[in-house]
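Asks: Next comes data04.txt, compact mmCIF, C-alpha atoms and all ligand atoms:
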# COMPACT_ATOMS: atom_id res chain seq x y z
CA MET A 1020 0.00 0.00 0.00
CA SER A 1021 3.04 2.30 0.07
CA PHE A 1022 2.18 3.29 -3.55
CA LEU A 1023 -0.64 5.34 -2.02
CA ILE A 1024 1.67 7.62 -0.01
CA GLY A 1025 1.45 11.19 -1.31
CA GLN A 1026 -1.67 10.43 -3.40
CA PRO A 1027 -4.82 12.60 -3.23
CA LEU A 1028 -8.09 11.16 -1.86
CA ASP A 1029 -9.36 10.75 -5.45
CA ALA A 1030 -6.79 8.01 -5.93
CA LEU A 1031 -8.31 5.87 -3.18
CA ASP A 1032 -10.76 3.03 -3.73
CA THR A 1033 -13.97 3.13 -1.68
CA PRO A 1034 -14.93 2.40 1.00
CA SER A 1035 -11.73 3.43 2.78
CA LEU A 1036 -11.26 4.31 6.44
CA LEU A 1037 -9.62 7.75 6.71
CA LEU A 1038 -7.88 9.41 9.66
CA ASP A 1039 -7.31 13.16 9.38
CA LEU A 1040 -3.94 13.71 11.07
CA ASP A 1041 -4.31 17.47 11.51
CA VAL A 1042 -7.54 16.89 13.44
CA ILE A 1043 -5.92 14.12 15.49
CA ASP A 1044 -3.00 16.44 16.32
CA ALA A 1045 -5.39 19.12 17.61
CA ASN A 1046 -7.38 16.59 19.67
CA LEU A 1047 -4.20 15.17 21.22
CA ARG A 1048 -2.79 18.61 21.99
CA ARG A 1049 -6.01 19.68 23.70
CA MET A 1050 -6.18 16.59 25.91
CA PHE A 1051 -2.47 16.22 26.71
CA ASP A 1052 -2.04 19.95 27.46
CA ALA A 1053 -5.05 19.84 29.80
CA GLY A 1054 -3.60 16.75 31.51
CA LYS A 1055 -0.32 18.57 32.10
CA GLN A 1056 -2.07 21.68 33.43
CA ARG A 1057 -4.16 19.62 35.83
CA GLY A 1058 -1.30 17.36 36.92
CA VAL A 1059 -2.83 14.06 35.73
CA ASN A 1060 -1.52 11.44 33.36
CA VAL A 1061 -3.64 10.83 30.25
CA ARG A 1062 -3.77 7.11 29.48
CA THR A 1063 -5.26 6.78 26.00
CA HIS A 1064 -7.77 3.96 25.59
CA PHE A 1065 -6.63 1.74 22.71
CA LYS A 1066 -10.02 0.01 22.35
CA SER A 1067 -11.03 3.09 20.37
CA LEU A 1068 -8.02 2.84 18.05
CA LYS A 1069 -6.90 -0.81 17.64
CA CYS A 1070 -4.14 0.37 15.31
CA GLY A 1071 -0.47 0.05 16.27
CA GLY A 1072 0.67 2.77 13.84
CA LEU A 1073 -1.74 5.23 15.43
CA ALA A 1074 -0.53 4.26 18.94
CA ARG A 1075 3.06 5.01 17.85
CA TYR A 1076 1.91 8.31 16.38
CA ILE A 1077 0.27 9.24 19.71
CA LYS A 1078 3.37 8.20 21.67
CA GLU A 1079 5.51 10.47 19.48
CA ARG A 1080 3.20 13.34 20.46
CA GLY A 1081 3.49 12.84 24.19
CA GLY A 1082 1.01 10.06 25.03
CA ALA A 1083 3.24 7.21 26.13
CA THR A 1084 0.74 5.35 28.36
CA PHE A 1085 -2.17 3.30 27.06
CA LEU A 1086 -5.23 1.45 28.29
CA ALA A 1087 -6.36 -1.77 26.58
CA ALA A 1088 -9.73 -3.49 26.87
CA LYS A 1089 -8.37 -6.93 26.01
CA LEU A 1090 -5.15 -8.92 26.14
CA ASN A 1091 -4.83 -8.95 22.32
CA GLU A 1092 -4.91 -5.14 22.30
CA ALA A 1093 -2.14 -5.04 24.90
CA GLU A 1094 -0.06 -7.39 22.72
CA VAL A 1095 -0.58 -5.16 19.67
CA LEU A 1096 0.47 -2.14 21.75
CA ALA A 1097 3.64 -3.89 22.93
CA ASP A 1098 4.48 -4.86 19.34
CA ALA A 1099 4.08 -1.16 18.42
CA GLY A 1100 6.71 -0.21 21.02
CA ILE A 1101 4.37 0.91 23.82
CA THR A 1102 5.86 -0.02 27.19
CA ASP A 1103 3.27 1.16 29.76
CA ILE A 1104 -0.05 -0.66 29.40
CA LEU A 1105 -3.03 -1.13 31.71
CA ILE A 1106 -5.61 -3.73 30.75
CA ALA A 1107 -8.82 -2.12 32.02
CA ASN A 1108 -10.47 -5.48 32.54
CA GLN A 1109 -10.28 -8.78 34.34
CA VAL A 1110 -8.09 -11.32 32.53
CA VAL A 1111 -9.36 -14.77 33.43
CA GLY A 1112 -8.63 -18.37 32.46
CA ALA A 1113 -5.70 -20.77 32.17
CA GLN A 1114 -5.50 -20.21 28.40
CA LYS A 1115 -4.59 -16.55 28.86
CA MET A 1116 -2.17 -16.78 31.79
CA GLY A 1117 0.87 -17.72 29.67
CA ARG A 1118 0.31 -14.81 27.26
CA LEU A 1119 -0.19 -12.44 30.17
CA ALA A 1120 3.03 -13.54 31.91
CA GLU A 1121 5.01 -13.27 28.68
CA LEU A 1122 3.72 -9.74 28.13
CA ALA A 1123 4.44 -8.78 31.76
CA ARG A 1124 8.08 -9.67 31.10
CA ARG A 1125 8.18 -7.38 28.02
CA VAL A 1126 6.44 -4.23 29.29
CA GLN A 1127 5.17 -2.46 32.41
CA LEU A 1128 1.84 -4.31 32.48
CA ARG A 1129 -1.14 -3.90 34.78
CA VAL A 1130 -4.58 -5.52 34.95
CA CYS A 1131 -7.79 -4.93 36.88
CA VAL A 1132 -9.34 -7.44 39.31
CA ASP A 1133 -12.53 -7.58 41.34
CA CYS A 1134 -12.35 -10.94 43.15
CA VAL A 1135 -10.07 -13.22 45.16
CA GLU A 1136 -10.26 -16.14 42.70
CA ASN A 1137 -8.80 -14.00 39.92
CA ILE A 1138 -6.05 -12.70 42.23
CA GLU A 1139 -5.08 -16.28 43.09
CA GLN A 1140 -5.00 -17.36 39.44
CA LEU A 1141 -2.88 -14.35 38.43
CA SER A 1142 -0.50 -14.79 41.37
CA LYS A 1143 0.06 -18.48 40.62
CA ALA A 1144 0.71 -17.80 36.93
CA MET A 1145 3.08 -14.87 37.50
CA SER A 1146 5.09 -16.65 40.21
CA LYS A 1147 5.44 -19.72 38.02
CA ALA A 1148 6.69 -17.56 35.12
CA GLY A 1149 8.94 -15.38 37.30
CA ALA A 1150 7.01 -12.28 36.18
CA THR A 1151 5.59 -9.32 38.09
CA LEU A 1152 2.18 -7.90 37.26
CA GLY A 1153 0.76 -4.58 38.51
CA VAL A 1154 -2.81 -4.92 39.77
CA LEU A 1155 -5.60 -2.35 40.15
CA ILE A 1156 -8.88 -3.06 41.87
CA GLU A 1157 -11.85 -2.14 39.72
CA VAL A 1158 -14.41 -0.19 41.74
CA ASP A 1159 -18.00 0.06 40.53
CA ILE A 1160 -18.81 3.74 40.90
CA GLY A 1161 -22.30 3.45 39.41
CA MET A 1162 -21.99 1.82 36.01
CA ALA A 1163 -23.03 -1.57 37.46
CA ARG A 1164 -20.72 -3.60 35.20
CA CYS A 1165 -17.60 -5.19 36.73
CA GLY A 1166 -15.96 -4.11 39.98
CA VAL A 1167 -16.45 -4.20 43.74
CA LEU A 1168 -18.61 -1.64 45.44
CA PRO A 1169 -16.75 1.35 46.91
CA GLY A 1170 -15.60 0.86 50.51
CA ASP A 1171 -14.34 -2.03 52.63
CA ALA A 1172 -14.50 -4.76 49.96
CA ALA A 1173 -11.66 -3.04 48.14
CA VAL A 1174 -9.54 -2.87 51.31
CA GLY A 1175 -9.76 -6.66 51.71
CA LEU A 1176 -8.74 -7.21 48.09
CA ALA A 1177 -5.85 -4.72 48.37
CA GLN A 1178 -4.51 -6.60 51.40
CA ARG A 1179 -4.79 -9.87 49.50
CA ILE A 1180 -2.97 -8.50 46.41
CA ALA A 1181 -0.25 -6.91 48.55
CA LYS A 1182 0.73 -10.31 49.94
CA SER A 1183 0.38 -12.29 46.70
CA PRO A 1184 3.65 -13.38 45.09
CA GLY A 1185 4.10 -12.16 41.51
CA LEU A 1186 1.63 -9.30 42.00
CA ARG A 1187 2.10 -5.67 42.98
CA PHE A 1188 -0.85 -3.63 44.25
CA ASP A 1189 -0.87 -0.35 42.31
CA GLY A 1190 -4.26 1.24 42.88
CA LEU A 1191 -7.85 1.66 41.74
CA GLN A 1192 -9.83 2.03 38.54
CA GLY A 1193 -13.37 3.42 38.57
CA TYR A 1194 -14.97 4.15 35.21
CA ASP A 1195 -18.12 6.28 35.09
CA GLY A 1196 -19.32 4.83 31.79
CA HIS A 1197 -22.99 5.41 32.59
CA LEU A 1198 -22.42 9.20 32.56
CA GLN A 1199 -20.43 9.75 29.36
CA LEU A 1200 -23.28 10.84 27.09
CA ILE A 1201 -25.41 12.88 29.49
CA ALA A 1202 -26.29 15.90 27.33
CA ASP A 1203 -26.46 18.51 30.11
CA PRO A 1204 -22.88 19.39 31.13
CA ALA A 1205 -23.89 20.51 34.64
CA GLU A 1206 -25.69 17.23 35.32
CA ARG A 1207 -22.76 15.24 33.86
CA LYS A 1208 -20.30 17.17 36.03
CA GLY A 1209 -22.33 16.75 39.24
CA LYS A 1210 -22.84 13.01 38.77
CA SER A 1211 -19.25 12.42 37.67
CA GLU A 1212 -17.84 14.22 40.72
CA GLU A 1213 -20.17 12.27 42.99
CA ALA A 1214 -18.96 8.99 41.45
CA THR A 1215 -15.31 10.06 41.60
CA GLU A 1216 -15.64 10.95 45.27
CA GLN A 1217 -16.58 7.32 45.98
CA LEU A 1218 -13.42 6.19 44.22
CA VAL A 1219 -11.21 8.61 46.13
CA ALA A 1220 -12.89 7.72 49.44
CA THR A 1221 -11.99 4.10 48.76
CA ARG A 1222 -8.40 5.19 48.13
CA ARG A 1223 -8.36 6.84 51.57
CA LEU A 1224 -9.65 3.66 53.26
CA ILE A 1225 -6.89 1.56 51.68
CA GLU A 1226 -4.23 4.07 52.66
CA ARG A 1227 -5.58 4.13 56.20
CA ALA A 1228 -5.02 0.37 56.27
CA GLY A 1229 -1.35 1.08 55.58
CA ILE A 1230 -1.24 0.15 51.87
CA PRO A 1231 0.14 2.78 49.47
CA VAL A 1232 -2.01 3.62 46.42
CA THR A 1233 -0.04 4.98 43.47
CA ILE A 1234 -2.66 5.01 40.69
CA VAL A 1235 -6.28 6.13 40.80
CA THR A 1236 -7.75 6.22 37.29
CA GLY A 1237 -11.10 6.73 35.61
CA ALA A 1238 -13.17 8.88 33.22
CA GLY A 1239 -13.87 8.76 29.52
CA THR A 1240 -14.11 11.43 26.84
CA GLY A 1241 -17.48 12.63 28.19
CA THR A 1242 -16.31 13.18 31.78
CA TRP A 1243 -12.56 13.79 31.39
CA GLU A 1244 -12.52 17.39 32.63
CA PHE A 1245 -14.49 16.62 35.81
CA VAL A 1246 -12.19 13.78 36.84
CA ALA A 1247 -8.85 15.27 35.68
CA GLY A 1248 -7.63 17.31 38.61
CA TYR A 1249 -10.13 15.89 41.12
CA PRO A 1250 -8.04 15.58 44.30
CA GLY A 1251 -6.83 12.00 44.75
CA VAL A 1252 -7.12 11.03 41.05
CA THR A 1253 -3.79 10.43 39.28
CA GLU A 1254 -4.89 9.45 35.75
CA ILE A 1255 -7.72 9.69 33.24
CA GLN A 1256 -8.36 7.10 30.55
CA PRO A 1257 -10.35 8.48 27.61
CA GLY A 1258 -10.15 6.97 24.12
CA SER A 1259 -12.78 8.42 21.80
CA PHE A 1260 -11.33 11.94 21.99
CA VAL A 1261 -8.70 10.94 19.39
CA LEU A 1262 -11.16 9.98 16.63
CA MET A 1263 -14.59 11.18 17.83
CA ASP A 1264 -17.91 10.47 16.13
CA CYS A 1265 -21.21 12.21 15.41
CA VAL A 1266 -22.74 11.04 18.72
CA TYR A 1267 -19.85 12.13 20.97
CA HIS A 1268 -19.09 15.39 19.14
CA PRO A 1269 -22.15 17.35 20.42
CA VAL A 1270 -21.28 16.23 23.97
CA ARG A 1271 -17.60 17.19 23.62
CA PRO A 1272 -17.40 19.85 20.85
CA GLU A 1273 -13.81 20.71 21.84
CA PHE A 1274 -12.72 17.52 20.05
CA ASN A 1275 -13.38 17.17 16.33
CA CYS A 1276 -14.10 14.13 14.18
CA SER A 1277 -10.90 12.80 12.60
CA LEU A 1278 -12.36 9.44 11.49
CA SER A 1279 -14.46 9.11 8.37
CA ILE A 1280 -15.32 6.47 5.82
CA LEU A 1281 -14.69 7.57 2.25
CA THR A 1282 -17.53 6.27 0.09
CA SER A 1283 -18.89 6.53 -3.46
CA VAL A 1284 -22.43 7.24 -4.62
CA ILE A 1285 -23.65 4.10 -6.39
CA SER A 1286 -27.30 4.97 -7.07
CA VAL A 1287 -29.38 8.15 -7.26
CA ARG A 1288 -33.19 8.48 -6.95
CA PRO A 1289 -35.30 11.68 -6.89
CA LYS A 1290 -35.27 12.01 -3.06
CA TRP A 1291 -32.29 9.97 -1.96
CA TYR A 1292 -28.99 8.43 -2.92
CA ASN A 1293 -27.05 5.35 -1.80
CA LEU A 1294 -23.40 4.99 -0.84
CA ASP A 1295 -21.23 1.92 -1.30
CA ALA A 1296 -20.73 1.13 2.40
CA GLY A 1297 -23.20 0.00 5.04
CA SER A 1298 -23.26 -1.54 8.48
CA LYS A 1299 -20.35 -3.87 7.63
CA ALA A 1300 -18.12 -0.78 7.31
CA ILE A 1301 -19.87 1.80 9.53
CA SER A 1302 -21.05 0.77 12.98
CA LYS A 1303 -24.69 1.53 13.72
CA ASP A 1304 -24.79 0.44 17.35
CA PHE A 1305 -25.02 4.08 18.54
CA GLY A 1306 -27.33 5.24 15.73
CA MET A 1307 -27.12 6.70 12.24
CA PRO A 1308 -23.89 8.23 10.90
CA ALA A 1309 -23.63 11.74 9.42
CA ILE A 1310 -22.42 13.01 6.05
CA LYS A 1311 -19.33 15.16 6.57
CA ASP A 1312 -19.76 18.82 5.54
CA HIS A 1313 -23.31 18.17 4.22
CA SER A 1314 -25.67 18.56 7.16
CA THR A 1315 -28.82 18.74 4.97
CA GLU A 1316 -28.16 15.18 3.71
CA ALA A 1317 -29.60 12.77 6.31
CA VAL A 1318 -28.68 9.12 6.65
CA THR A 1319 -31.93 7.22 7.17
CA ARG A 1320 -30.87 3.60 6.76
CA LEU A 1321 -27.81 1.37 6.83
CA SER A 1322 -28.08 -2.00 5.14
CA GLU A 1323 -25.09 -4.31 5.12
CA GLU A 1324 -23.50 -2.68 2.06
CA HIS A 1325 -25.61 0.46 1.54
CA THR A 1326 -26.04 3.79 3.28
CA LYS A 1327 -29.27 5.49 2.23
CA VAL A 1328 -29.10 9.28 2.37
CA GLU A 1329 -32.24 11.42 2.02
CA CYS A 1330 -32.22 15.00 0.72
CA GLU A 1331 -34.12 17.21 -1.70
CA PRO A 1332 -32.90 18.09 -4.23
CA VAL A 1333 -30.31 15.33 -4.52
CA PRO A 1334 -27.02 17.14 -5.15
CA VAL A 1335 -24.90 14.16 -6.22
CA GLN A 1336 -24.35 11.97 -9.24
CA VAL A 1337 -23.23 8.36 -9.47
CA ASP A 1338 -19.50 8.07 -8.70
CA ASP A 1339 -19.43 11.28 -6.63
CA ARG A 1340 -17.84 10.87 -3.22
CA ARG A 1341 -18.98 11.50 0.32
CA GLU A 1342 -17.21 11.06 3.67
CA VAL A 1343 -19.34 9.43 6.34
CA ILE A 1344 -18.79 10.26 10.03
CA PRO A 1345 -19.71 7.16 12.06
CA ALA A 1346 -21.95 7.31 15.15
CA HIS A 1347 -19.46 5.13 17.07
CA CYS A 1348 -15.76 5.45 16.33
CA CYS A 1349 -14.55 2.49 18.43
CA ALA A 1350 -16.90 -0.05 16.86
CA THR A 1351 -16.13 1.29 13.36
CA MET A 1352 -12.35 0.84 13.82
CA ASN A 1353 -13.16 -2.76 14.72
CA LEU A 1354 -14.70 -3.32 11.25
CA HIS A 1355 -11.66 -2.38 9.15
CA ARG A 1356 -8.26 -3.87 8.45
CA GLN A 1357 -6.42 -0.71 7.47
CA ALA A 1358 -6.49 3.01 8.15
CA ILE A 1359 -5.43 5.61 5.61
CA ALA A 1360 -3.84 8.53 7.46
CA VAL A 1361 -4.29 11.76 5.50
CA ARG A 1362 -3.11 15.33 5.89
CA LYS A 1363 -4.46 18.23 3.84
CA GLY A 1364 -6.12 15.83 1.40
CA LYS A 1365 -3.03 13.65 0.74
CA VAL A 1366 -2.14 10.18 2.04
CA GLU A 1367 0.64 10.32 4.63
CA ALA A 1368 0.59 6.73 5.93
CA VAL A 1369 -1.26 3.45 5.61
CA TRP A 1370 -1.55 1.55 8.89
CA PRO A 1371 -2.91 -1.95 9.53
CA ILE A 1372 -5.59 -2.08 12.26
CA GLU A 1373 -4.09 -5.14 13.88
CA ALA A 1374 -6.59 -5.60 16.72
CA SER A 1375 -9.76 -5.20 14.62
CA GLY A 1376 -12.05 -8.21 14.72
CA ARG A 1377 -10.20 -9.72 17.69
CA TYR A 1378 -11.82 -10.40 21.03
CA ASP A 1379 -9.28 -12.61 22.83
C1 LIG A 1401 -12.82 1.03 31.31
C2 LIG A 1401 -13.01 2.17 30.37
N1 LIG A 1401 -12.31 3.29 30.57
C3 LIG A 1401 -12.45 4.36 29.78
C4 LIG A 1401 -13.33 4.34 28.71
C5 LIG A 1401 -13.46 5.64 27.95
O1 LIG A 1401 -13.69 5.60 26.65
P1 LIG A 1401 -14.25 6.84 25.80
O2 LIG A 1401 -13.27 7.91 25.93
O3 LIG A 1401 -14.31 6.22 24.47
O4 LIG A 1401 -15.57 7.21 26.35
C6 LIG A 1401 -14.09 3.17 28.46
C7 LIG A 1401 -15.04 3.10 27.34
O5 LIG A 1401 -15.68 2.13 27.06
C8 LIG A 1401 -13.92 2.07 29.32
O6 LIG A 1401 -14.63 0.93 29.15
Re-express the file's structure as structure tokens.

Replies:
Amino acid sequence: MSFLIGQPLDALDTPSLLLDLDVIDANLRRMFDAGKQRGVNVRTHFKSLKCGGLARYIKERGGATFLAAKLNEAEVLADAGITDILIANQVVGAQKMGRLAELARRVQLRVCVDCVENIEQLSKAMSKAGATLGVLIEVDIGMARCGVLPGDAAVGLAQRIAKSPGLRFDGLQGYDGHLQLIADPAERKGKSEEATEQLVATRRLIERAGIPVTIVTGAGTGTWEFVAGYPGVTEIQPGSFVLMDCVYHPVRPEFNCSLSILTSVISVRPKWYNLDAGSKAISKDFGMPAIKDHSTEAVTRLSEEHTKVECEPVPVQVDDRREVIPAHCCATMNLHRQAIAVRKGKVEAVWPIEASGRYD
């Protein structure tokens, strides 16, 4: 694909996944500068990206620490030269322990836990392999997914981790995922601070029991500014801010959409047209995508290989092009094998999306 470097967008086949590097640069600058000003580390969530070349690009611009949702994402990050990785989830099962130990020997690796059984399995595997794994306790601060409830349960687990061979207790993760898309900023702020206070209170309980806590992390793109700088929080872990999408953008207008799918018009009718990509290339789990720079053209349906766009009059002809802004950037990255990185309308790099379609 190196023959594409330097080519204009017209030279690309469709559909193609595009990343606008100037927009990415501005999004990174905004988030990393704010992190510095507020004295918190920004740990970029790789589940939104899944692309090793993009992780390297972010590292070169000051974001050296990453979050991964799954072990395979952590492996892709390590292969891309990232050396500080937190898996934001529980890694469970004999089949994964060998991979985890091998990775823990290559990079500074951490995982989340929320029960004793998992701590025992991790400890046994790491001791056997002669590896050391950093461990954070996941605290459920209202999302009701994984995690222990704030308070004493976390103290018990911290004590257990602290005396487990092969493990090092590093701190707490509490993700306020249920708050990310609340439209009213004041309501989002109030609820996010309330949730974060529970996380920080749990930190204080563990410290009172004599166990040092070095990392307290949480937040996503929707709540980053309420958690960054909250006393007792050391990190934030947003991911979508890099790429954005048409659902997140109204919630966080300070970050712009850098991800789009370049498509071609394949059919024109009096009141609508169809593009050559559908739900197999543009995720619809968060709703309908938008047409970039053409707000009067409304996407009304995604079939597997078609996007139907309604407008009157129809301003396109067959073989015209449109860029589609997905409603969910993370799920869209997971549908593609390569990303075309562009700057000022020309291809600058072509990156494989190594972790797309992987769930292990
Ligand atoms: C554990 C965890 N942390 C952080 C995030 C933040 O992601 P985003 O910035 O895409 O909202 C997520 C999103 O799913 C998550 O699951």

Asks: As an exercise, work out the distance from CA of Asn1108 (chain A) to CA of Gly1237 (chain A) in Å and give it to one decimal place.

Replies: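 The value is 12.6 Å.
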
Asks: Any residue with an atom at most 9 Å from ligand LIG 1401 (chain A) counts, using all atoms listed in the file. Which are they? Put them as a PyMOL selection string.

Replies: chain A and resi 1063-1067+1086-1088+1106-1108+1192-1196+1199-1200+1236-1243+1255-1261+1263+1267+1348-1349

Asks: May I ask for the distance between CA of Ile1344 (chain A) and CA of His1197 (chain A), given in Å to one decimal place?

Replies: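 Distance between the two atoms: 23.5 Å.
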
Asks: Could you tell me which of A:Gly1100, A:Gly1082, A:Gly1251, A:Pro1272 comes closest to Asp1052 (chain A) if we count all atoms listed in the file?

Replies: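 Once distances to Asp1052 (chain A) are computed over all atoms listed in the file, the minimum belongs to A:Gly1082.
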
Asks: To one decimal in Å, tell me the separation between CA of Phe1022 (chain A) and CA of Leu1068 (chain A).

Replies: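 Distance between the two atoms: 23.9 Å.
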
Asks: Find the residues around region 1078-1081 of chain A up to 9 Å (only C-alpha atoms counted), leave out those fewer than 3 positions away in its own chain, and share them as a tab-separated table (two decimals) with C-alpha atoms, keeping the file's coordinate frame.

Replies:
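What follows is the written file part04.tsv:
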chain	number	residue	atom	x	y	z
A	1044	ASP	CA	-3.00	16.44	16.32
A	1047	LEU	CA	-4.20	15.17	21.22
A	1048	ARG	CA	-2.79	18.61	21.99
A	1051	PHE	CA	-2.47	16.22	26.71
A	1073	LEU	CA	-1.74	5.23	15.43
A	1074	ALA	CA	-0.53	4.26	18.94
A	1075	ARG	CA	3.06	5.01	17.85
A	1084	THR	CA	0.74	5.35	28.36
A	1101	ILE	CA	4.37	0.91	23.82

Asks: Counting all atoms listed in the file, which residue out of A:Arg1049, A:Glu1342, A:Thr1215, A:Thr1319 sits closest to Pro1169 (chain A)?

Replies: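 Closest to Pro1169 (chain A) of all the choices is A:Thr1215.
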
Asks: Using all atoms listed in the file, which residues sit within 12 Å of Ala1053 (chain A) once same-chain residues fewer than 4 positions away are excluded, as a list in words?

Replies: Asn1046, Leu1047, Arg1048, Arg1049, Arg1057, Gly1058, Val1059, Asn1060, Val1061, Trp1243, Glu1244, Phe1245, Val1246, Ala1247, Gly1248, Glu1254, Ile1255 and Glu1273 of chain A

Asks: Please produce an output containing C-alpha atoms for each residue in the selection, written as a CSV table (one decimal), in the coordinates of the input.

Replies:
chain,number,residue,atom,x,y,z
A,1046,ASN,CA,-7.4,16.6,19.7
A,1047,LEU,CA,-4.2,15.2,21.2
A,1048,ARG,CA,-2.8,18.6,22.0
A,1049,ARG,CA,-6.0,19.7,23.7
A,1057,ARG,CA,-4.2,19.6,35.8
A,1058,GLY,CA,-1.3,17.4,36.9
A,1059,VAL,CA,-2.8,14.1,35.7
A,1060,ASN,CA,-1.5,11.4,33.4
A,1061,VAL,CA,-3.6,10.8,30.2
A,1243,TRP,CA,-12.6,13.8,31.4
A,1244,GLU,CA,-12.5,17.4,32.6
A,1245,PHE,CA,-14.5,16.6,35.8
A,1246,VAL,CA,-12.2,13.8,36.8
A,1247,ALA,CA,-8.8,15.3,35.7
A,1248,GLY,CA,-7.6,17.3,38.6
A,1254,GLU,CA,-4.9,9.4,35.8
A,1255,ILE,CA,-7.7,9.7,33.2
A,1273,GLU,CA,-13.8,20.7,21.8

Asks: Using all atoms listed in the file, can you tell me which of A:Ala1163, A:Ile1372, A:Met1145, A:Leu1036 comes closest to Gly1071 (chain A)?

Replies: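 Among the listed residues, A:Ile1372 lies closest to Gly1071 (chain A).
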
Asks: Using all atoms listed in the file, which of the listed residues (A:Thr1253, A:Thr1315, A:Thr1102, A:Thr1351) sits closest to Ser1298 (chain A)?

Replies: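 Nearest to Ser1298 (chain A): A:Thr1351.
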
Asks: Rank A:Cys1070, A:Met1020, A:Val1284, A:Ile1160 by their smallest atom-to-atom distance to Leu1262 (chain A), using only C-alpha atoms, and report the top residue only.

Replies: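 That would be A:Cys1070, the residue with the smallest distance to Leu1262 (chain A).
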